[in-house]
Amino acid sequence: MSASTATGTWADRPDLSDLGFWTAPIAGRAAAFAALREREPVPFFPEPDIGLPRGPGFWALTRLDDVAEASRNAAVFTSGSGATNVVDQPPEFREFYGSMINMDDPRHARLRRIVSRGFTPRRLAQLTDEVERTARTIVDDVIDQGECDAVSAISARLPLKIVCDMMGVPPSQYGFVFDRTNVILGPNDPEYVACTENIVTALLQAGHDLAELMRELGAHRVDNPTDDVTSALVNAEVDGERLTPDELASFFILLVVAGNETTRNAISWGLHLLTEHPEQRAAWLADVDGVMPTAVEEIVRWASPVIYMRRTLATDAVLGGQEMREGDKVALFYWAANRDPAHFHDPDAFDVRRSPNPHVGFGGAGPHFCLGAHLARREMTVMFRELLTRVPDIAATAPPRRLTSMFINGIKELPVAFTPGGVR
């Protein structure tokens with residue numbers, strides 16, 4: 001069966017290419033993916049209309065086993081044609097968005113070896129104190145107010161500061177970085193890119209702005225190194241090779257985008273979930289540190305901040321019983337895989353003590369597993385410890401205002417309230 005004739009026709013079949021599907025209630029999304037897993041686990045869809053030329057369509061992987069197999073088999077399910085968008089990006093995007101997430105070996109392996117020098121266990125251990133200080137300051141700043149927007153005042157501040165500090169970006173540039181990453185993550189959301197604005201132009205400008213910031217900082221760190229990751233990267237040499245200024249800039253864009261969105265949205269969804277499930281809050285509060293490891297993993301599983309990643313077939317293949325052809329596009333839907341009943345008991349439930357929890361919220365096993373997963377877990381652990389011990393009654397007072405996106409399961413705003421002054 002060729003891709004062009006593979007589209008199913010059963011009644012009430014969801015359309016994953018419709019942006020409206022991704023703004024519908026979460027329960028409806030879960031039900032739609034459950035129906036696909038049961039009736040058509042590897043469906044084919046047209047590509048979404050996001051203001052770029054549309055290609056022939058894509059296969060959607062909805063089961064955990066299929067997502068895991070595609071993740072491990074990177075030689076067949078390749079990333080070099082683009083990983084973050086089903087629709088092919090224009091060639092000019094590669095200057096800013098051609099990071100290692102959009103590469104295959106041997107280029108991917110080379111770049112990952114170099115950038116891994118900035119994520120050594122010693123360097124990550126050094127960040128622990130800074131993460132704790134930052135989380136404490138964030139709670140200090142809101143604790144007497146009794147209410148705030150959890151996204152802007154809590155969730156977004158921690159990863160933004162940690163990533164910028166890691167790279168040596170000064171505090172005066174935090175807002176600049178935050179604004180540009182919102183455009184990159186939400187090009188189809190009219191709050192970040194106006195309906196009258198050209199999406200391609202907006203994305204190119206946001207990428208250009210962040211790239212210029214890092215090129216200037218990287219050039220300065222070559223002759224004036226400090227203890228930040230930028231200094232480590234511009235001076236790191238592996239097998240006689242160093243990062244080029246463009247590679248450094250692309251990696252910075254990847255880091256600030258990926259490093260911000262996973263933690264920001266996971267914390268925001270976690271606060272929403274604790275509001276919706278008071279029995280789970282009680283279980284966590286009864287043993288904050290003991291439940292912390294499983295609770296963090298469960299938030300990542302349930303939220304799945306990165307909804308999918310794309311792969312392109314390097315050769316003909318069969319996956320999940322479906323024949324695919326060389327050049328076909330495949331979307332690995334982590335959000336759906338993390339609700340696969342074959343691997344998760346009562347998958348739509350939120351269970352802070354869930355174990356085992358083989359989620360793929362940080363990507364599947366393989367060369368593209370998230371380099372910053374350990375840091376994201378650490379940030380979530382520290383932030384929730386601060387919140388649960390100092391403002392244990394923090395709860396959302398309205399539903400989350402969600403990002404319009406097929407790629408990021410984002411929350412733009414989540415009003416919360418708590419007892420002013422917190423626990424004395």
# chains A, B, ... in the order shown; residues from 1 in each chain; ligands from 1
call {"tool": "select_by_dssp", "arguments": {"residues": "region 184-354 of chain A", "states": "strand (DSSP E)", "output": "PyMOL selection string"}}
result
chain A and resi 308-313+317-319+322-324+329-333
call {"tool": "closest_atom_pairs", "arguments": {"of": "region 257-306 of chain A", "to": "region 83-98 of chain A", "cutoff": "12 Å", "atoms": "only C-alpha atoms", "output": "Markdown table"}}
result
| residue | atom | partner | partner_atom | distance |
| --- | --- | --- | --- | --- |
| A:Val257 | CA | A:Tyr97 | CA | 10.8 |
| A:Ala258 | CA | A:Thr84 | CA | 11.0 |
| A:Val306 | CA | A:Thr84 | CA | 9.5 |
call {"tool": "residues_around", "arguments": {"residues": "Ala314 (chain A)", "least_positions_apart": "6", "cutoff": "9 Å", "atoms": "only C-alpha atoms", "output": "PyMOL selection string"}}
result
chain A and resi 75-78+325-328
call {"tool": "closest_residue", "arguments": {"among": "A:Ser355, A:Ser99, A:Gly361, A:Glu147", "to": "Asp246 (chain A)", "atoms": "only C-alpha atoms"}}
result
A:Ser99
call {"tool": "closest_residue", "arguments": {"among": "A:Asp340, A:Glu379, A:Asp165, A:Glu297", "to": "Leu61 (chain A)", "atoms": "only C-alpha atoms"}}
result
A:Asp340
call {"tool": "select_by_dssp", "arguments": {"residues": "region 304-407 of chain A", "states": "alpha helix (DSSP H)", "output": "list in words"}}
result
Tyr334, Trp335, Ala336, Ala337, Ala373, His374, Leu375, Ala376, Arg377, Arg378, Glu379, Met380, Thr381, Val382, Met383, Phe384, Arg385, Glu386, Leu387, Leu388, Thr389 and Arg390 of chain A
call {"tool": "closest_residue", "arguments": {"among": "A:Pro46, A:Ile411, A:Pro367, A:Gly57", "to": "Arg110 (chain A)", "atoms": "only C-alpha atoms"}}
result
A:Pro367
call {"tool": "closest_residue", "arguments": {"among": "A:Arg385, A:Arg310, A:Arg354, A:Lys329", "to": "Gly55 (chain A)", "atoms": "only C-alpha atoms"}}
result
A:Lys329
call {"tool": "residues_around", "arguments": {"residues": "region 220-230 of chain A", "least_positions_apart": "5", "cutoff": "9 Å", "atoms": "only C-alpha atoms", "output": "short mmCIF file (atom, residue, chain, number, x, y, z; two decimals) with all heavy atoms, in the first residue's frame"}}
result
data_model
loop_
_atom_site.label_atom_id
_atom_site.label_comp_id
_atom_site.auth_asym_id
_atom_site.auth_seq_id
_atom_site.Cartn_x
_atom_site.Cartn_y
_atom_site.Cartn_z
N VAL A 115 29.58 18.55 22.25
CA VAL A 115 28.73 19.27 23.19
C VAL A 115 28.59 18.53 24.51
O VAL A 115 28.29 19.15 25.54
CB VAL A 115 27.33 19.56 22.58
CG1 VAL A 115 27.48 20.37 21.31
CG2 VAL A 115 26.56 18.29 22.31
N ARG A 117 30.85 17.62 26.25
CA ARG A 117 31.86 18.18 27.14
C ARG A 117 31.26 19.24 28.05
O ARG A 117 31.83 19.55 29.10
CB ARG A 117 33.01 18.78 26.32
CG ARG A 117 33.80 17.76 25.50
CD ARG A 117 34.52 16.78 26.41
NE ARG A 117 35.25 15.78 25.65
CZ ARG A 117 36.52 15.90 25.27
NH1 ARG A 117 37.19 16.99 25.54
NH2 ARG A 117 37.10 14.92 24.60
N GLY A 118 30.16 19.82 27.63
CA GLY A 118 29.51 20.83 28.46
C GLY A 118 28.50 20.25 29.44
O GLY A 118 27.92 20.99 30.23
N PHE A 119 28.29 18.93 29.37
CA PHE A 119 27.29 18.29 30.23
C PHE A 119 27.90 17.12 31.01
O PHE A 119 27.28 16.08 31.17
CB PHE A 119 26.11 17.81 29.39
CG PHE A 119 25.29 18.93 28.84
CD1 PHE A 119 25.66 19.57 27.66
CD2 PHE A 119 24.17 19.38 29.49
CE1 PHE A 119 24.92 20.62 27.16
CE2 PHE A 119 23.42 20.43 29.00
CZ PHE A 119 23.81 21.06 27.83
N ARG A 123 30.05 19.02 35.88
CA ARG A 123 29.41 20.30 35.60
C ARG A 123 27.95 20.30 36.03
O ARG A 123 27.44 21.29 36.57
CB ARG A 123 29.51 20.62 34.10
CG ARG A 123 29.09 22.05 33.75
CD ARG A 123 29.39 22.35 32.30
NE ARG A 123 30.81 22.31 32.02
CZ ARG A 123 31.64 23.31 32.25
NH1 ARG A 123 31.19 24.43 32.77
NH2 ARG A 123 32.91 23.20 31.94
N ASP A 165 22.28 30.90 32.50
CA ASP A 165 23.47 30.93 33.36
C ASP A 165 24.50 29.91 32.89
O ASP A 165 25.71 30.18 32.89
CB ASP A 165 23.09 30.65 34.81
CG ASP A 165 22.43 31.84 35.48
OD1 ASP A 165 22.35 32.91 34.85
OD2 ASP A 165 22.00 31.70 36.64
N MET A 166 24.04 28.72 32.51
CA MET A 166 24.95 27.69 32.01
C MET A 166 25.77 28.21 30.84
O MET A 166 26.98 27.98 30.75
CB MET A 166 24.17 26.45 31.56
CG MET A 166 23.69 25.53 32.66
SD MET A 166 22.69 24.20 31.96
CE MET A 166 23.85 23.44 30.83
N MET A 167 25.08 28.92 29.94
CA MET A 167 25.74 29.38 28.73
C MET A 167 26.44 30.72 28.89
O MET A 167 27.12 31.19 27.99
CB MET A 167 24.71 29.47 27.60
CG MET A 167 24.06 28.14 27.24
SD MET A 167 25.22 26.89 26.64
CE MET A 167 25.67 27.55 25.03
N GLY A 168 26.25 31.37 30.06
CA GLY A 168 26.91 32.65 30.29
C GLY A 168 26.15 33.84 29.74
O GLY A 168 26.71 34.92 29.58
N MET A 214 24.57 34.37 20.54
CA MET A 214 25.54 33.34 20.89
C MET A 214 26.84 33.47 20.10
O MET A 214 27.92 33.19 20.63
CB MET A 214 24.92 31.95 20.66
CG MET A 214 25.80 30.78 21.11
SD MET A 214 26.59 30.95 22.74
CE MET A 214 25.19 31.35 23.79
N ARG A 215 26.77 33.91 18.85
CA ARG A 215 28.01 34.12 18.10
C ARG A 215 28.88 35.16 18.79
O ARG A 215 30.11 35.00 18.90
CB ARG A 215 27.69 34.55 16.67
CG ARG A 215 27.14 33.43 15.78
CD ARG A 215 27.14 33.86 14.33
NE ARG A 215 26.46 32.90 13.48
CZ ARG A 215 25.26 33.07 12.94
NH1 ARG A 215 24.60 34.20 13.18
NH2 ARG A 215 24.71 32.15 12.19
N ASN A 235 36.06 25.96 23.33
CA ASN A 235 37.45 25.53 23.52
C ASN A 235 37.60 24.02 23.57
O ASN A 235 38.70 23.52 23.78
CB ASN A 235 38.01 26.16 24.80
CG ASN A 235 38.13 27.68 24.69
OD1 ASN A 235 38.92 28.19 23.92
ND2 ASN A 235 37.31 28.40 25.45
N LEU A 248 27.76 26.30 17.15
CA LEU A 248 27.53 26.78 18.51
C LEU A 248 26.19 27.51 18.60
O LEU A 248 25.41 27.29 19.54
CB LEU A 248 28.66 27.70 18.96
CG LEU A 248 28.48 28.35 20.34
CD1 LEU A 248 28.54 27.29 21.43
CD2 LEU A 248 29.54 29.42 20.57
N PHE A 252 22.90 26.41 20.77
CA PHE A 252 22.32 27.29 21.77
C PHE A 252 20.81 27.41 21.56
O PHE A 252 20.04 27.36 22.53
CB PHE A 252 22.97 28.67 21.69
CG PHE A 252 22.33 29.71 22.56
CD1 PHE A 252 22.33 29.59 23.94
CD2 PHE A 252 21.69 30.81 21.99
CE1 PHE A 252 21.72 30.54 24.75
CE2 PHE A 252 21.08 31.77 22.78
CZ PHE A 252 21.10 31.63 24.17
#
call {"tool": "closest_residue", "arguments": {"among": "A:Arg72, A:Lys161, A:Arg264, A:Arg122", "to": "Arg377 (chain A)", "atoms": "only C-alpha atoms"}}
result
A:Arg264
call {"tool": "closest_residue", "arguments": {"among": "A:Ile50, A:Val423, A:Ala150, A:Val288", "to": "Pro400 (chain A)", "atoms": "only C-alpha atoms"}}
result
A:Ala150
call {"tool": "residues_around", "arguments": {"residues": "His359 (chain A)", "least_positions_apart": "3", "cutoff": "8 Å", "atoms": "only C-alpha atoms", "output": "CSV table (one decimal) with C-alpha atoms, in the first residue's frame"}}
result
chain,number,residue,atom,x,y,z
A,297,GLU,CA,8.4,10.7,35.9
A,301,ARG,CA,4.7,10.9,31.0
A,337,ALA,CA,2.9,6.2,23.1
A,338,ASN,CA,2.9,7.4,26.8
